[in-house]
Amino acid sequence: MRSRLAAVAVTVLGSAALAVLPVSAQPNSSPGSIEIVDAPFENLCTPTDSALEEVSGLAVTDDGIYAVADSGTDDAVRVLDDQCRVTGTLPQPVDPFDVEDLAQADGRLWLSDTGDNAGARTTVALTDMDTSTGAGTLRRLTYPDGAHDAEAILLGSDGVPVVVTKELFGASGIYRPAGALRAEQLPSPGPTALERVGQIGFEPTETPGGPVPFAGGAMITGGAVSGDGTVVALRTYTDVYLYPAPDGDVVAALTGAEPIRVPMPDQPQGEAIAFTPAGDLLSASEADGGPLPPIRVLYGATELVTSTTGEAGIALQVDPGAVIAAGVGAGLVVTVGGALWWRARSRRRRN
């Protein structure tokens, strides 16, 4: 109840602030307009395992769908088939704090133990997991500029992990291990220093969904990289942004490429996305107190990056200024209402 009241406060308190902020004070993913692609997500299947009520990360291999929930609700990775039936369970190899995302590479999972609602952790971590045995190793990481909450891990074809933070206001930071170390090169237990290599921000959109009205469209809650490394995806509670990365450079894509935006179906608390080996994109959401939502699929997601740009009737160029005017306020969303909501939500997590 308290978190829902705080969400209402987010809407009320933020209704007047964005209009008084200059455009330069609002972070954009790029200086130009963002192309919107109206591509449909279809229902793939609906999970029935209550352990996935707070699903926060997905990864997909030829062996199935791997799903992890926020730590504290279930400290195991569930293996699902394409009907969302649980075919296996892999206990996490180390006791986690708050796993918020999954990535996969070369037959191993990488658990992003980077959640920090209270902004109090001195280290975060990546933990690898063998999908056959569940064995794995903890690798701690430290930010160069203080604690951050992060729910997106991106592991490109070069093997370098990229962490994108989830900020209540301003731009989200883009971090990678200093020296661009590959994930398997990170010493255990560490810590390894991260370096900030860029920033990224999205304006709120009119797409419905998420537990935080309006402002949820600007909060980064998950990420994924296509199997061939050429498309990078970041999602918010309401939309997914797809970036071309033709040379496999995740950081260059996020900081220099123009994305397309695909509105997602109304989800109660969408935090998980993953590419399939075929280039489709799966999306999952927490239940947020309701029934388990379906896992949805955007077929041919990677093809959208190159095939829809400029096609009449499919994509629409939107002026960011129009989005700002339609939004009617996000400054107090994060300074007051967002803080109330986040504090209430953090009480549900392990500290």
# chains A, B, ... in the order shown; residues from 1 in each chain; ligands from 1
>>> residues_around(residues="Lys166 (chain A)", least_positions_apart="5", cutoff="6 Å", atoms="only C-alpha atoms", output="PDB file with all heavy atoms, in the first residue's frame")
ATOM      1  N   ASP A 149      22.371   2.135  -8.176  1.00  0.00           N
ATOM      2  CA  ASP A 149      21.499   1.008  -8.462  1.00  0.00           C
ATOM      3  C   ASP A 149      21.600   0.723  -9.956  1.00  0.00           C
ATOM      4  O   ASP A 149      21.567   1.642 -10.776  1.00  0.00           O
ATOM      5  CB  ASP A 149      20.059   1.354  -8.074  1.00  0.00           C
ATOM      6  CG  ASP A 149      19.110   0.181  -8.244  1.00  0.00           C
ATOM      7  OD1 ASP A 149      19.526  -0.970  -8.040  1.00  0.00           O
ATOM      8  OD2 ASP A 149      17.931   0.419  -8.590  1.00  0.00           O
ATOM      9  N   ALA A 150      21.740  -0.546 -10.337  1.00  0.00           N
ATOM     10  CA  ALA A 150      21.845  -0.899 -11.750  1.00  0.00           C
ATOM     11  C   ALA A 150      21.064  -2.180 -12.017  1.00  0.00           C
ATOM     12  O   ALA A 150      21.172  -3.147 -11.257  1.00  0.00           O
ATOM     13  CB  ALA A 150      23.303  -1.077 -12.164  1.00  0.00           C
ATOM     14  N   SER A 172      21.750   8.104 -16.810  1.00  0.00           N
ATOM     15  CA  SER A 172      22.288   6.862 -16.272  1.00  0.00           C
ATOM     16  C   SER A 172      23.738   6.715 -16.720  1.00  0.00           C
ATOM     17  O   SER A 172      24.097   7.059 -17.847  1.00  0.00           O
ATOM     18  CB  SER A 172      21.472   5.675 -16.784  1.00  0.00           C
ATOM     19  OG  SER A 172      20.174   5.680 -16.239  1.00  0.00           O
ATOM     20  N   MET A 219      13.311   5.244 -16.793  1.00  0.00           N
ATOM     21  CA  MET A 219      14.166   4.481 -15.880  1.00  0.00           C
ATOM     22  C   MET A 219      14.602   3.174 -16.537  1.00  0.00           C
ATOM     23  O   MET A 219      13.767   2.364 -16.953  1.00  0.00           O
ATOM     24  CB  MET A 219      13.414   4.210 -14.573  1.00  0.00           C
ATOM     25  CG  MET A 219      12.971   5.496 -13.887  1.00  0.00           C
ATOM     26  SD  MET A 219      11.781   5.212 -12.534  1.00  0.00           S
ATOM     27  CE  MET A 219      12.883   4.499 -11.312  1.00  0.00           C
ATOM     28  N   ILE A 220      15.903   2.941 -16.629  1.00  0.00           N
ATOM     29  CA  ILE A 220      16.445   1.773 -17.324  1.00  0.00           C
ATOM     30  C   ILE A 220      16.392   0.564 -16.400  1.00  0.00           C
ATOM     31  O   ILE A 220      17.007   0.549 -15.339  1.00  0.00           O
ATOM     32  CB  ILE A 220      17.882   2.049 -17.803  1.00  0.00           C
ATOM     33  CG1 ILE A 220      17.869   3.181 -18.842  1.00  0.00           C
ATOM     34  CG2 ILE A 220      18.513   0.791 -18.388  1.00  0.00           C
ATOM     35  CD1 ILE A 220      19.245   3.671 -19.243  1.00  0.00           C
TER      36      ILE A 220
END
>>> select_by_dssp(residues="region 196-237 of chain A", states="strand (DSSP E or B)", output="PyMOL selection string")
chain A and resi 196-200+220-225+231-236
>>> residues_around(residues="Pro189 (chain A)", least_positions_apart="6", cutoff="6 Å", atoms="only C-alpha atoms", output="PDB file with N, CA, C and O atoms, in the first residue's frame")
ATOM      1  N   LEU A 138      32.282 -15.671  -7.946  1.00  0.00           N
ATOM      2  CA  LEU A 138      31.932 -14.283  -7.662  1.00  0.00           C
ATOM      3  C   LEU A 138      33.072 -13.362  -8.056  1.00  0.00           C
ATOM      4  O   LEU A 138      34.243 -13.631  -7.764  1.00  0.00           O
ATOM      5  N   ARG A 139      32.721 -12.235  -8.694  1.00  0.00           N
ATOM      6  CA  ARG A 139      33.704 -11.223  -9.059  1.00  0.00           C
ATOM      7  C   ARG A 139      33.154  -9.859  -8.661  1.00  0.00           C
ATOM      8  O   ARG A 139      32.212  -9.374  -9.281  1.00  0.00           O
ATOM      9  N   ARG A 140      33.749  -9.247  -7.648  1.00  0.00           N
ATOM     10  CA  ARG A 140      33.251  -7.970  -7.142  1.00  0.00           C
ATOM     11  C   ARG A 140      33.758  -6.807  -7.994  1.00  0.00           C
ATOM     12  O   ARG A 140      34.847  -6.856  -8.566  1.00  0.00           O
TER      13      ARG A 140
END
>>> atom_distance(atom1="CA of Gly119 (chain A)", atom2="CA of Glu167 (chain A)")
10.4 Å
>>> residues_around(residues="region 74-78 of chain A", least_positions_apart="2", cutoff="8 Å", atoms="only C-alpha atoms", output="number ranges by chain")
A: 51, 66-72, 80, 86-92, 95-96
>>> write_last_selection(atoms="C-alpha atoms", output="CSV table (one decimal), in the first residue's frame")
chain,number,residue,atom,x,y,z
A,51,ALA,CA,9.1,-17.9,-7.6
A,66,TYR,CA,16.8,-18.8,-18.0
A,67,ALA,CA,14.9,-16.6,-15.6
A,68,VAL,CA,16.0,-15.1,-12.3
A,69,ALA,CA,14.0,-13.2,-9.7
A,70,ASP,CA,15.1,-10.4,-7.4
A,71,SER,CA,17.3,-11.8,-4.7
A,72,GLY,CA,15.5,-12.4,-1.4
A,80,LEU,CA,11.9,-22.7,-18.8
A,86,VAL,CA,10.0,-25.2,-15.4
A,87,THR,CA,12.4,-27.9,-16.7
A,88,GLY,CA,15.2,-27.3,-14.2
A,89,THR,CA,16.4,-25.2,-11.2
A,90,LEU,CA,20.0,-24.0,-10.7
A,91,PRO,CA,20.8,-22.6,-7.2
A,92,GLN,CA,22.9,-19.5,-7.4
A,95,ASP,CA,24.7,-16.0,-1.7
A,96,PRO,CA,23.5,-12.9,-3.7
>>> residues_around(residues="Leu186 (chain A)", least_positions_apart="6", cutoff="12 Å", atoms="only C-alpha atoms", output="list in words")
Ala125, Leu126, Thr127, Asp128, Thr137, Leu138, Arg139, Arg140, Leu141, Gly159, Val160, Pro161, Arg176, Pro177, Ala178, Gly179, Ala180, Thr192, Ala193 and Leu194 of chain A
>>> select_by_dssp(residues="region 106-254 of chain A", states="alpha helix (DSSP H)", output="list in words")
Val250, Val251, Ala252, Ala253 and Leu254 of chain A
>>> write_last_selection(atoms="N, CA and C atoms", output="tab-separated table (two decimals), in the first residue's frame")
chain	number	residue	atom	x	y	z
A	250	VAL	N	29.62	-2.24	-27.76
A	250	VAL	CA	28.44	-1.86	-27.00
A	250	VAL	C	28.50	-0.39	-26.58
A	251	VAL	N	29.63	0.04	-26.06
A	251	VAL	CA	29.76	1.41	-25.57
A	251	VAL	C	29.59	2.40	-26.72
A	252	ALA	N	30.21	2.13	-27.84
A	252	ALA	CA	30.08	3.03	-29.00
A	252	ALA	C	28.63	3.11	-29.46
A	253	ALA	N	27.92	1.99	-29.41
A	253	ALA	CA	26.52	2.00	-29.82
A	253	ALA	C	25.69	2.88	-28.89
A	254	LEU	N	25.87	2.73	-27.60
A	254	LEU	CA	25.07	3.48	-26.63
A	254	LEU	C	25.39	4.96	-26.63
>>> residues_around(residues="region 225-234 of chain A", least_positions_apart="5", cutoff="7 Å", atoms="only C-alpha atoms", output="NGL selection string")
:A and (154-157 or 220 or 240-248 or 250 or 275 or 277 or 279 or 302)
>>> write_last_selection(atoms="C-alpha atoms", output="PDB file, in the first residue's frame")
ATOM      1  CA  LEU A 154      25.290  -5.933 -21.419  1.00  0.00           C
ATOM      2  CA  LEU A 155      27.782  -8.547 -22.575  1.00  0.00           C
ATOM      3  CA  GLY A 156      28.857  -7.980 -26.146  1.00  0.00           C
ATOM      4  CA  SER A 157      30.785 -10.131 -28.587  1.00  0.00           C
ATOM      5  CA  ILE A 220      16.445   1.773 -17.324  1.00  0.00           C
ATOM      6  CA  VAL A 240      12.631  -0.837 -25.435  1.00  0.00           C
ATOM      7  CA  TYR A 241      15.397   0.984 -27.326  1.00  0.00           C
ATOM      8  CA  LEU A 242      17.319  -0.926 -29.981  1.00  0.00           C
ATOM      9  CA  TYR A 243      20.773   0.299 -31.022  1.00  0.00           C
ATOM     10  CA  PRO A 244      22.796  -0.788 -34.045  1.00  0.00           C
ATOM     11  CA  ALA A 245      26.258  -2.060 -33.111  1.00  0.00           C
ATOM     12  CA  PRO A 246      27.662  -3.286 -36.428  1.00  0.00           C
ATOM     13  CA  ASP A 247      31.188  -3.695 -35.061  1.00  0.00           C
ATOM     14  CA  GLY A 248      30.029  -5.222 -31.776  1.00  0.00           C
ATOM     15  CA  VAL A 250      28.437  -1.855 -27.004  1.00  0.00           C
ATOM     16  CA  PHE A 275      17.402 -11.909 -27.333  1.00  0.00           C
ATOM     17  CA  PRO A 277      19.487 -17.023 -30.839  1.00  0.00           C
ATOM     18  CA  GLY A 279      17.106 -12.535 -33.059  1.00  0.00           C
ATOM     19  CA  THR A 302      17.151  -7.424 -34.688  1.00  0.00           C
TER      20      THR A 302
END
